[in-house]
$ cat run-v3.pdb   # PDB, C-alpha atoms, pLDDT in the B column
MODEL        1
ATOM      1  CA  MET A   1       1.152 -18.954 -12.006  1.00 42.00           C
ATOM      2  CA  PRO A   2       1.150 -17.625 -15.544  1.00 45.00           C
ATOM      3  CA  ASP A   3       4.292 -15.513 -14.995  1.00 62.00           C
ATOM      4  CA  THR A   4       7.403 -16.661 -16.822  1.00 83.00           C
ATOM      5  CA  LEU A   5       9.787 -18.096 -14.247  1.00 89.00           C
ATOM      6  CA  THR A   6      13.463 -17.215 -14.017  1.00 90.00           C
ATOM      7  CA  PRO A   7      15.767 -20.259 -14.094  1.00 89.00           C
ATOM      8  CA  ALA A   8      16.177 -20.083 -10.288  1.00 90.00           C
ATOM      9  CA  CYS A   9      12.407 -19.869  -9.791  1.00 93.00           C
ATOM     10  CA  ALA A  10      11.854 -22.779 -12.181  1.00 91.00           C
ATOM     11  CA  ALA A  11      14.400 -24.823 -10.201  1.00 89.00           C
ATOM     12  CA  THR A  12      12.656 -23.745  -6.985  1.00 92.00           C
ATOM     13  CA  ARG A  13       9.362 -24.960  -8.411  1.00 93.00           C
ATOM     14  CA  ASP A  14      11.134 -28.244  -9.196  1.00 91.00           C
ATOM     15  CA  TRP A  15      12.305 -28.317  -5.552  1.00 91.00           C
ATOM     16  CA  VAL A  16       8.743 -27.834  -4.320  1.00 93.00           C
ATOM     17  CA  GLU A  17       7.518 -30.632  -6.571  1.00 92.00           C
ATOM     18  CA  GLY A  18      10.470 -33.019  -6.412  1.00 88.00           C
ATOM     19  CA  PHE A  19      11.487 -32.510  -2.796  1.00 89.00           C
ATOM     20  CA  VAL A  20       8.818 -30.834  -0.662  1.00 90.00           C
ATOM     21  CA  VAL A  21       5.884 -32.662  -2.265  1.00 90.00           C
ATOM     22  CA  ALA A  22       7.738 -35.871  -3.129  1.00 87.00           C
ATOM     23  CA  HIS A  23       8.955 -36.287   0.460  1.00 84.00           C
ATOM     24  CA  ASN A  24       5.690 -34.856   1.869  1.00 82.00           C
ATOM     25  CA  VAL A  25       7.615 -32.287   3.897  1.00 84.00           C
ATOM     26  CA  CYS A  26       4.573 -30.019   3.666  1.00 83.00           C
ATOM     27  CA  PRO A  27       1.328 -31.946   3.333  1.00 75.00           C
ATOM     28  CA  PHE A  28      -0.383 -28.847   1.890  1.00 80.00           C
ATOM     29  CA  ALA A  29       2.106 -28.037  -0.874  1.00 86.00           C
ATOM     30  CA  ARG A  30       0.732 -30.451  -3.485  1.00 83.00           C
ATOM     31  CA  ARG A  31      -2.680 -28.773  -3.542  1.00 85.00           C
ATOM     32  CA  GLU A  32      -1.146 -25.335  -3.999  1.00 88.00           C
ATOM     33  CA  LEU A  33       1.284 -26.554  -6.654  1.00 85.00           C
ATOM     34  CA  VAL A  34      -1.433 -28.308  -8.671  1.00 87.00           C
ATOM     35  CA  GLY A  35      -3.752 -25.326  -8.261  1.00 88.00           C
ATOM     36  CA  GLU A  36      -0.955 -22.978  -9.382  1.00 91.00           C
ATOM     37  CA  THR A  37      -1.512 -20.744  -6.357  1.00 90.00           C
ATOM     38  CA  ILE A  38       2.197 -20.433  -5.512  1.00 93.00           C
ATOM     39  CA  ARG A  39       4.004 -17.362  -6.775  1.00 96.00           C
ATOM     40  CA  PHE A  40       7.757 -17.674  -7.354  1.00 96.00           C
ATOM     41  CA  VAL A  41       9.807 -14.461  -7.321  1.00 96.00           C
ATOM     42  CA  GLU A  42      13.566 -14.021  -7.582  1.00 96.00           C
ATOM     43  CA  VAL A  43      14.908 -11.070  -5.607  1.00 96.00           C
ATOM     44  CA  ALA A  44      18.499  -9.874  -5.387  1.00 95.00           C
ATOM     45  CA  ALA A  45      19.375  -9.548  -1.701  1.00 96.00           C
ATOM     46  CA  SER A  46      22.874  -8.096  -1.973  1.00 95.00           C
ATOM     47  CA  ALA A  47      21.335  -4.847  -0.767  1.00 96.00           C
ATOM     48  CA  TRP A  48      18.810  -5.451   1.975  1.00 97.00           C
ATOM     49  CA  GLU A  49      16.597  -2.411   1.512  1.00 97.00           C
ATOM     50  CA  PRO A  50      15.371  -3.282  -2.014  1.00 97.00           C
ATOM     51  CA  ALA A  51      14.919  -6.925  -0.978  1.00 97.00           C
ATOM     52  CA  LEU A  52      12.828  -5.880   2.014  1.00 98.00           C
ATOM     53  CA  GLU A  53      10.821  -3.540  -0.226  1.00 97.00           C
ATOM     54  CA  ALA A  54      10.189  -6.518  -2.529  1.00 97.00           C
ATOM     55  CA  LEU A  55       8.895  -8.500   0.465  1.00 97.00           C
ATOM     56  CA  ILE A  56       6.379  -5.789   1.341  1.00 97.00           C
ATOM     57  CA  GLU A  57       5.403  -5.496  -2.338  1.00 97.00           C
ATOM     58  CA  GLU A  58       4.634  -9.228  -2.279  1.00 97.00           C
ATOM     59  CA  CYS A  59       2.450  -8.701   0.801  1.00 97.00           C
ATOM     60  CA  ARG A  60       0.563  -6.027  -1.132  1.00 97.00           C
ATOM     61  CA  ARG A  61       0.262  -8.378  -4.116  1.00 97.00           C
ATOM     62  CA  LEU A  62      -1.215 -11.056  -1.842  1.00 96.00           C
ATOM     63  CA  ASP A  63      -3.594  -8.430  -0.412  1.00 96.00           C
ATOM     64  CA  ALA A  64      -4.785  -7.608  -3.933  1.00 97.00           C
ATOM     65  CA  THR A  65      -4.739 -11.136  -5.395  1.00 95.00           C
ATOM     66  CA  PRO A  66      -6.666 -13.731  -3.393  1.00 93.00           C
ATOM     67  CA  ALA A  67      -5.927 -16.344  -6.080  1.00 93.00           C
ATOM     68  CA  ILE A  68      -2.289 -16.409  -4.898  1.00 94.00           C
ATOM     69  CA  GLU A  69      -2.101 -18.448  -1.712  1.00 92.00           C
ATOM     70  CA  THR A  70       1.608 -18.129  -1.024  1.00 93.00           C
ATOM     71  CA  THR A  71       4.816 -16.599  -2.376  1.00 96.00           C
ATOM     72  CA  LEU A  72       8.338 -18.009  -2.404  1.00 96.00           C
ATOM     73  CA  LEU A  73      10.944 -15.268  -2.601  1.00 97.00           C
ATOM     74  CA  VAL A  74      14.195 -16.721  -3.921  1.00 96.00           C
ATOM     75  CA  LEU A  75      16.926 -14.474  -2.477  1.00 97.00           C
ATOM     76  CA  ARG A  76      19.911 -14.587  -4.793  1.00 91.00           C
ATOM     77  CA  PRO A  77      22.523 -13.357  -4.690  1.00 92.00           C
ATOM     78  CA  GLY A  78      23.345 -11.841  -1.343  1.00 90.00           C
ATOM     79  CA  LEU A  79      22.446 -14.092   1.573  1.00 95.00           C
ATOM     80  CA  GLU A  80      24.603 -17.133   0.972  1.00 94.00           C
ATOM     81  CA  ASP A  81      26.026 -16.920   4.511  1.00 96.00           C
ATOM     82  CA  PHE A  82      23.508 -18.514   6.893  1.00 97.00           C
ATOM     83  CA  ASP A  83      24.201 -16.054   9.737  1.00 96.00           C
ATOM     84  CA  ASP A  84      23.624 -13.106   7.375  1.00 97.00           C
ATOM     85  CA  TYR A  85      20.413 -14.784   6.248  1.00 97.00           C
ATOM     86  CA  LEU A  86      19.225 -15.145   9.860  1.00 97.00           C
ATOM     87  CA  ASP A  87      19.930 -11.447  10.462  1.00 97.00           C
ATOM     88  CA  PHE A  88      17.940 -10.581   7.320  1.00 98.00           C
ATOM     89  CA  LEU A  89      15.098 -12.865   8.433  1.00 97.00           C
ATOM     90  CA  ALA A  90      14.873 -11.084  11.798  1.00 97.00           C
ATOM     91  CA  VAL A  91      14.643  -7.703  10.053  1.00 98.00           C
ATOM     92  CA  ALA A  92      12.049  -9.065   7.600  1.00 98.00           C
ATOM     93  CA  GLU A  93       9.893 -10.421  10.427  1.00 97.00           C
ATOM     94  CA  ALA A  94      10.090  -7.101  12.289  1.00 97.00           C
ATOM     95  CA  LEU A  95       9.176  -5.270   9.080  1.00 98.00           C
ATOM     96  CA  LEU A  96       6.039  -7.394   8.639  1.00 97.00           C
ATOM     97  CA  VAL A  97       4.967  -6.371  12.158  1.00 97.00           C
ATOM     98  CA  GLU A  98       5.842  -2.710  11.518  1.00 97.00           C
ATOM     99  CA  GLN A  99       3.838  -2.706   8.279  1.00 96.00           C
ATOM    100  CA  GLY A 100       0.758  -4.146   9.999  1.00 96.00           C
ATOM    101  CA  TYR A 101       0.990  -7.652   8.528  1.00 97.00           C
ATOM    102  CA  GLU A 102       1.342  -9.532  11.823  1.00 94.00           C
ATOM    103  CA  GLY A 103      -1.477 -12.082  11.947  1.00 92.00           C
ATOM    104  CA  THR A 104      -2.069 -11.753   8.202  1.00 95.00           C
ATOM    105  CA  TYR A 105       1.157 -13.210   6.803  1.00 95.00           C
ATOM    106  CA  GLN A 106       3.991 -15.182   8.291  1.00 92.00           C
ATOM    107  CA  LEU A 107       7.425 -16.119   7.056  1.00 95.00           C
ATOM    108  CA  ALA A 108       8.847 -19.594   6.812  1.00 93.00           C
ATOM    109  CA  SER A 109      12.603 -19.696   6.308  1.00 95.00           C
ATOM    110  CA  PHE A 110      14.699 -21.853   3.997  1.00 95.00           C
ATOM    111  CA  HIS A 111      18.418 -21.807   3.236  1.00 96.00           C
ATOM    112  CA  PRO A 112      20.926 -24.232   1.672  1.00 94.00           C
ATOM    113  CA  ASP A 113      22.887 -24.295   4.957  1.00 95.00           C
ATOM    114  CA  TYR A 114      19.911 -24.243   7.315  1.00 96.00           C
ATOM    115  CA  CYS A 115      20.878 -25.606  10.711  1.00 95.00           C
ATOM    116  CA  PHE A 116      18.529 -25.750  13.669  1.00 93.00           C
ATOM    117  CA  ASP A 117      19.863 -24.251  16.875  1.00 91.00           C
ATOM    118  CA  GLY A 118      21.800 -26.927  18.736  1.00 91.00           C
ATOM    119  CA  ALA A 119      21.837 -29.351  15.782  1.00 91.00           C
ATOM    120  CA  GLU A 120      24.933 -30.635  14.029  1.00 92.00           C
ATOM    121  CA  GLN A 121      25.431 -29.239  10.510  1.00 92.00           C
ATOM    122  CA  ASP A 122      25.144 -32.731   8.969  1.00 91.00           C
ATOM    123  CA  ASP A 123      21.953 -33.667  10.866  1.00 93.00           C
ATOM    124  CA  PRO A 124      19.394 -34.791   8.249  1.00 93.00           C
ATOM    125  CA  ALA A 125      16.651 -32.969  10.199  1.00 92.00           C
ATOM    126  CA  ASN A 126      18.061 -29.665   8.895  1.00 93.00           C
ATOM    127  CA  PHE A 127      16.849 -30.615   5.424  1.00 93.00           C
ATOM    128  CA  THR A 128      13.265 -29.863   6.436  1.00 91.00           C
ATOM    129  CA  ASN A 129      14.318 -26.215   6.011  1.00 93.00           C
ATOM    130  CA  ARG A 130      17.034 -26.529   3.375  1.00 94.00           C
ATOM    131  CA  SER A 131      16.426 -25.263  -0.119  1.00 93.00           C
ATOM    132  CA  PRO A 132      18.492 -24.703  -3.264  1.00 92.00           C
ATOM    133  CA  TRP A 133      18.892 -20.990  -2.395  1.00 92.00           C
ATOM    134  CA  PRO A 134      18.088 -18.703   0.505  1.00 96.00           C
ATOM    135  CA  MET A 135      14.386 -17.961   0.427  1.00 96.00           C
ATOM    136  CA  LEU A 136      11.462 -16.631   2.368  1.00 97.00           C
ATOM    137  CA  HIS A 137       8.104 -18.346   2.159  1.00 95.00           C
ATOM    138  CA  LEU A 138       5.340 -15.803   2.634  1.00 95.00           C
ATOM    139  CA  LEU A 139       2.214 -17.589   3.869  1.00 92.00           C
ATOM    140  CA  ARG A 140      -1.332 -16.391   4.415  1.00 90.00           C
ATOM    141  CA  GLU A 141      -2.077 -17.137   8.075  1.00 84.00           C
ATOM    142  CA  ALA A 142      -5.795 -17.681   7.396  1.00 80.00           C
ATOM    143  CA  GLY A 143      -5.016 -20.270   4.715  1.00 74.00           C
ATOM    144  CA  LEU A 144      -2.533 -22.002   6.984  1.00 71.00           C
ATOM    145  CA  GLU A 145      -5.001 -22.103   9.876  1.00 71.00           C
ATOM    146  CA  GLN A 146      -7.690 -23.528   7.600  1.00 72.00           C
ATOM    147  CA  ALA A 147      -5.351 -26.220   6.259  1.00 67.00           C
ATOM    148  CA  LEU A 148      -4.183 -27.179   9.748  1.00 66.00           C
ATOM    149  CA  ALA A 149      -7.773 -27.364  11.051  1.00 69.00           C
ATOM    150  CA  HIS A 150      -8.570 -30.082   8.519  1.00 69.00           C
ATOM    151  CA  TYR A 151      -5.365 -32.080   8.911  1.00 68.00           C
ATOM    152  CA  PRO A 152      -5.173 -34.905  11.456  1.00 70.00           C
ATOM    153  CA  GLU A 153      -2.508 -34.333  14.119  1.00 75.00           C
ATOM    154  CA  PRO A 154      -0.767 -31.313  12.558  1.00 69.00           C
ATOM    155  CA  GLU A 155       1.526 -31.117  15.595  1.00 78.00           C
ATOM    156  CA  ALA A 156       3.096 -34.405  14.439  1.00 78.00           C
ATOM    157  CA  ILE A 157       4.264 -32.939  11.102  1.00 79.00           C
ATOM    158  CA  PRO A 158       7.712 -31.780  12.337  1.00 81.00           C
ATOM    159  CA  GLU A 159       8.520 -35.102  14.029  1.00 87.00           C
ATOM    160  CA  ARG A 160       7.375 -37.046  10.969  1.00 88.00           C
ATOM    161  CA  ASN A 161       9.542 -34.857   8.726  1.00 86.00           C
ATOM    162  CA  ILE A 162      12.595 -35.314  10.941  1.00 88.00           C
ATOM    163  CA  GLU A 163      12.097 -39.080  10.847  1.00 90.00           C
ATOM    164  CA  ARG A 164      11.709 -39.058   7.050  1.00 89.00           C
ATOM    165  CA  MET A 165      14.839 -36.934   6.551  1.00 91.00           C
ATOM    166  CA  GLY A 166      16.762 -39.312   8.810  1.00 91.00           C
ATOM    167  CA  GLN A 167      15.646 -42.269   6.684  1.00 92.00           C
ATOM    168  CA  LEU A 168      16.790 -40.528   3.493  1.00 91.00           C
ATOM    169  CA  GLY A 169      20.119 -39.413   4.980  1.00 91.00           C
ATOM    170  CA  SER A 170      22.209 -36.290   4.556  1.00 91.00           C
ATOM    171  CA  GLU A 171      24.204 -37.589   1.598  1.00 91.00           C
ATOM    172  CA  ARG A 172      21.158 -38.240  -0.578  1.00 91.00           C
ATOM    173  CA  LEU A 173      19.425 -35.029   0.480  1.00 91.00           C
ATOM    174  CA  SER A 174      22.553 -32.960  -0.203  1.00 90.00           C
ATOM    175  CA  ALA A 175      22.823 -34.475  -3.672  1.00 89.00           C
ATOM    176  CA  GLU A 176      19.183 -33.629  -4.439  1.00 87.00           C
ATOM    177  CA  LEU A 177      19.662 -29.954  -3.521  1.00 87.00           C
ATOM    178  CA  ALA A 178      22.993 -29.730  -5.338  1.00 87.00           C
ATOM    179  CA  ALA A 179      21.368 -31.088  -8.499  1.00 86.00           C
ATOM    180  CA  LEU A 180      18.721 -28.358  -8.367  1.00 83.00           C
ATOM    181  CA  ARG A 181      21.315 -25.606  -7.785  1.00 80.00           C
ATOM    182  CA  GLY A 182      23.371 -26.985 -10.670  1.00 78.00           C
ATOM    183  CA  GLN A 183      20.518 -26.266 -13.081  1.00 64.00           C
ATOM    184  CA  VAL A 184      21.027 -22.520 -12.679  1.00 67.00           C
ATOM    185  CA  PRO A 185      24.127 -20.362 -13.222  1.00 59.00           C
ATOM    186  CA  ASP A 186      25.301 -18.085 -10.416  1.00 65.00           C
ATOM    187  CA  ARG A 187      24.134 -14.460 -10.494  1.00 60.00           C
ATOM    188  CA  ASP A 188      26.332 -11.526  -9.629  1.00 51.00           C
TER     189      ASP A 188
ENDMDL
END
$ encode --input "run-v3.pdb" --output "structure tokens"
Amino acid sequence: MPDTLTPACAATRDWVEGFVVAHNVCPFARRELVGETIRFVEVAASAWEPALEALIEECRRLDATPAIETTLLVLRPGLEDFDDYLDFLAVAEALLVEQGYEGTYQLASFHPDYCFDGAEQDDPANFTNRSPWPMLHLLREAGLEQALAHYPEPEAIPERNIERMGQLGSERLSAELAALRGQVPDRD
């Protein structure tokens, strides 16, 4: 996108390219990255109300701008605690429904401490949803459905990702995310 990226958004773009695309975590990300149809936005989430307003504003931007396929909202500071992030995510998902966006947009969730329910914290599978900072990935459902319709065995993507993360190992994956976070100073 032509917008100037904040340092955290630039590092997030590096994460998409150097982690998500490089490890093929999302087989559709490369096309969007190359086509510059991903919008990166940094949003302070210390106060939830303005962060939630920013989410709905991004939905409106997607409504008005078909050239943007997806938005990554980098939520910093404010949701460093994973449980707080999950609470925020639940409110954000309910807000999308309340605002009439159910079936139009969906949220994918990413956090530096992401841990699937029932998984051990150091399980490499968690890295399929780990990112340098807490973030929400706002996806167009129609675009996602179209991509999945033309992808062989889309139901196998999660299992393939878990296997790949296991091969790479938690130590290497942790170092990759830490390197990206280290590119950007903390915000207050």
$ closest_residue --input "run-v3.pdb" --among "A:Ala108, A:Leu75, A:Leu33, A:Met165" --to "Asp123 (chain A)" --atoms "only C-alpha atoms"
A:Met165
$ atom_distance --input "run-v3.pdb" --atom1 "CA of Trp48 (chain A)" --atom2 "CA of Glu176 (chain A)"
28.9 Å
$ closest_residue --input "run-v3.pdb" --among "A:Ala51, A:Leu136, A:Leu95, A:Leu86" --to "Thr71 (chain A)" --atoms "only C-alpha atoms"
A:Leu136
$ axis_aligned_box --input "run-v3.pdb" --around "region 153-162 of chain A" --padding-each-side "4 Å" --output "JSON"
{"center_x": 5.0, "center_y": -34.1, "center_z": 12.2, "size_x": 23.1, "size_y": 13.9, "size_z": 14.9}
$ atom_distance --input "run-v3.pdb" --atom1 "CA of Gly18 (chain A)" --atom2 "CA of Ser46 (chain A)"
28.2 Å
$ closest_residue --input "run-v3.pdb" --among "A:Glu120, A:Glu155, A:Glu69, A:Asp84" --to "Ala47 (chain A)" --atoms "only C-alpha atoms"
A:Asp84
$ residues_around --input "run-v3.pdb" --residues "region 124-128 of chain A" --least-positions-apart "6" --cutoff "10 Å" --atoms "only C-alpha atoms" --output "PyMOL selection string"
chain A and resi 19-20+23+25-26+110-117+158-159+161-174+177
$ write_last_selection --input "run-v3.pdb" --atoms "C-alpha atoms" --output "PDB file, in the coordinates of the input"
ATOM      1  CA  PHE A  19      11.487 -32.510  -2.796  1.00 89.00           C
ATOM      2  CA  VAL A  20       8.818 -30.834  -0.662  1.00 90.00           C
ATOM      3  CA  HIS A  23       8.955 -36.287   0.460  1.00 84.00           C
ATOM      4  CA  VAL A  25       7.615 -32.287   3.897  1.00 84.00           C
ATOM      5  CA  CYS A  26       4.573 -30.019   3.666  1.00 83.00           C
ATOM      6  CA  PHE A 110      14.699 -21.853   3.997  1.00 95.00           C
ATOM      7  CA  HIS A 111      18.418 -21.807   3.236  1.00 96.00           C
ATOM      8  CA  PRO A 112      20.926 -24.232   1.672  1.00 94.00           C
ATOM      9  CA  ASP A 113      22.887 -24.295   4.957  1.00 95.00           C
ATOM     10  CA  TYR A 114      19.911 -24.243   7.315  1.00 96.00           C
ATOM     11  CA  CYS A 115      20.878 -25.606  10.711  1.00 95.00           C
ATOM     12  CA  PHE A 116      18.529 -25.750  13.669  1.00 93.00           C
ATOM     13  CA  ASP A 117      19.863 -24.251  16.875  1.00 91.00           C
ATOM     14  CA  PRO A 158       7.712 -31.780  12.337  1.00 81.00           C
ATOM     15  CA  GLU A 159       8.520 -35.102  14.029  1.00 87.00           C
ATOM     16  CA  ASN A 161       9.542 -34.857   8.726  1.00 86.00           C
ATOM     17  CA  ILE A 162      12.595 -35.314  10.941  1.00 88.00           C
ATOM     18  CA  GLU A 163      12.097 -39.080  10.847  1.00 90.00           C
ATOM     19  CA  ARG A 164      11.709 -39.058   7.050  1.00 89.00           C
ATOM     20  CA  MET A 165      14.839 -36.934   6.551  1.00 91.00           C
ATOM     21  CA  GLY A 166      16.762 -39.312   8.810  1.00 91.00           C
ATOM     22  CA  GLN A 167      15.646 -42.269   6.684  1.00 92.00           C
ATOM     23  CA  LEU A 168      16.790 -40.528   3.493  1.00 91.00           C
ATOM     24  CA  GLY A 169      20.119 -39.413   4.980  1.00 91.00           C
ATOM     25  CA  SER A 170      22.209 -36.290   4.556  1.00 91.00           C
ATOM     26  CA  GLU A 171      24.204 -37.589   1.598  1.00 91.00           C
ATOM     27  CA  ARG A 172      21.158 -38.240  -0.578  1.00 91.00           C
ATOM     28  CA  LEU A 173      19.425 -35.029   0.480  1.00 91.00           C
ATOM     29  CA  SER A 174      22.553 -32.960  -0.203  1.00 90.00           C
ATOM     30  CA  LEU A 177      19.662 -29.954  -3.521  1.00 87.00           C
TER      31      LEU A 177
END
$ atom_distance --input "run-v3.pdb" --atom1 "CA of Thr4 (chain A)" --atom2 "CA of Ile38 (chain A)"
13.0 Å
$ resolve_selection --input "run-v3.pdb" --expression "the PyMOL selection byres ((chain A and resi 55) around 10)" --output "list in words"
Val41, Val43, Glu49, Pro50, Ala51, Leu52, Glu53, Ala54, Ile56, Glu57, Glu58, Cys59, Arg60, Arg61, Thr71, Leu72, Leu73, Ala92, Leu95, Leu96, Leu136 and Leu138 of chain A
$ resolve_selection --input "run-v3.pdb" --expression "the PyMOL selection byres ((chain A and resi 78) around 6)" --output "PDB file with C-alpha atoms, in the coordinates of the input"
ATOM      1  CA  ALA A  45      19.375  -9.548  -1.701  1.00 96.00           C
ATOM      2  CA  SER A  46      22.874  -8.096  -1.973  1.00 95.00           C
ATOM      3  CA  ARG A  76      19.911 -14.587  -4.793  1.00 91.00           C
ATOM      4  CA  PRO A  77      22.523 -13.357  -4.690  1.00 92.00           C
ATOM      5  CA  LEU A  79      22.446 -14.092   1.573  1.00 95.00           C
ATOM      6  CA  GLU A  80      24.603 -17.133   0.972  1.00 94.00           C
TER       7      GLU A  80
END
$ residues_around --input "run-v3.pdb" --residues "Gly103 (chain A)" --least-positions-apart "6" --cutoff "12 Å" --atoms "all atoms listed in the file" --output "number ranges by chain"
A: 93, 96-97, 139-145
$ closest_residue --input "run-v3.pdb" --among "A:Val21, A:Leu107, A:Met135, A:Ala64" --to "Phe82 (chain A)" --atoms "all atoms listed in the file"
A:Met135
$ resolve_selection --input "run-v3.pdb" --expression "the PyMOL selection byres ((chain A and resi 40) around 9)" --output "VMD selection string"
chain A and resid 1 3 5 to 6 9 to 10 12 to 13 38 to 39 41 to 42 70 to 74
$ write_last_selection --input "run-v3.pdb" --atoms "C-alpha atoms" --output "compact mmCIF listing (two decimals), in the coordinates of the input"
# COMPACT_ATOMS: atom_id res chain seq x y z
CA MET A 1 1.15 -18.95 -12.01
CA ASP A 3 4.29 -15.51 -15.00
CA LEU A 5 9.79 -18.10 -14.25
CA THR A 6 13.46 -17.22 -14.02
CA CYS A 9 12.41 -19.87 -9.79
CA ALA A 10 11.85 -22.78 -12.18
CA THR A 12 12.66 -23.74 -6.98
CA ARG A 13 9.36 -24.96 -8.41
CA ILE A 38 2.20 -20.43 -5.51
CA ARG A 39 4.00 -17.36 -6.78
CA VAL A 41 9.81 -14.46 -7.32
CA GLU A 42 13.57 -14.02 -7.58
CA THR A 70 1.61 -18.13 -1.02
CA THR A 71 4.82 -16.60 -2.38
CA LEU A 72 8.34 -18.01 -2.40
CA LEU A 73 10.94 -15.27 -2.60
CA VAL A 74 14.20 -16.72 -3.92
$ closest_residue --input "run-v3.pdb" --among "A:Ala178, A:Ile157, A:Ala22, A:Leu62" --to "Thr104 (chain A)" --atoms "only C-alpha atoms"
A:Leu62
$ decode --input "run-v3.pdb" --residues "region 83-107 of chain A" --atoms "C-alpha atoms" --output "PDB file, in the first residue's frame"
ATOM      1  CA  ASP A  83      -5.784 -13.400  28.274  1.00  0.00           C
ATOM      2  CA  ASP A  84      -6.542  -9.673  27.901  1.00  0.00           C
ATOM      3  CA  TYR A  85      -6.055 -10.065  24.158  1.00  0.00           C
ATOM      4  CA  LEU A  86      -8.532 -12.969  24.046  1.00  0.00           C
ATOM      5  CA  ASP A  87     -11.087 -10.865  25.939  1.00  0.00           C
ATOM      6  CA  PHE A  88     -10.555  -8.022  23.445  1.00  0.00           C
ATOM      7  CA  LEU A  89     -10.890 -10.454  20.529  1.00  0.00           C
ATOM      8  CA  ALA A  90     -14.250 -11.695  21.840  1.00  0.00           C
ATOM      9  CA  VAL A  91     -15.534  -8.115  22.092  1.00  0.00           C
ATOM     10  CA  ALA A  92     -14.186  -7.310  18.608  1.00  0.00           C
ATOM     11  CA  GLU A  93     -15.914 -10.343  17.094  1.00  0.00           C
ATOM     12  CA  ALA A  94     -19.202  -9.427  18.789  1.00  0.00           C
ATOM     13  CA  LEU A  95     -18.829  -5.853  17.534  1.00  0.00           C
ATOM     14  CA  LEU A  96     -18.436  -7.048  13.934  1.00  0.00           C
ATOM     15  CA  VAL A  97     -21.734  -8.937  14.301  1.00  0.00           C
ATOM     16  CA  GLU A  98     -23.428  -5.949  15.968  1.00  0.00           C
ATOM     17  CA  GLN A  99     -22.266  -3.625  13.183  1.00  0.00           C
ATOM     18  CA  GLY A 100     -23.639  -5.927  10.475  1.00  0.00           C
ATOM     19  CA  TYR A 101     -20.289  -7.248   9.233  1.00  0.00           C
ATOM     20  CA  GLU A 102     -20.915 -10.930   9.988  1.00  0.00           C
ATOM     21  CA  GLY A 103     -20.453 -12.821   6.722  1.00  0.00           C
ATOM     22  CA  THR A 104     -18.611  -9.877   5.165  1.00  0.00           C
ATOM     23  CA  TYR A 105     -15.436  -9.788   7.262  1.00  0.00           C
ATOM     24  CA  GLN A 106     -13.857 -12.164   9.711  1.00  0.00           C
ATOM     25  CA  LEU A 107     -11.045 -11.833  12.196  1.00  0.00           C
TER      26      LEU A 107
END
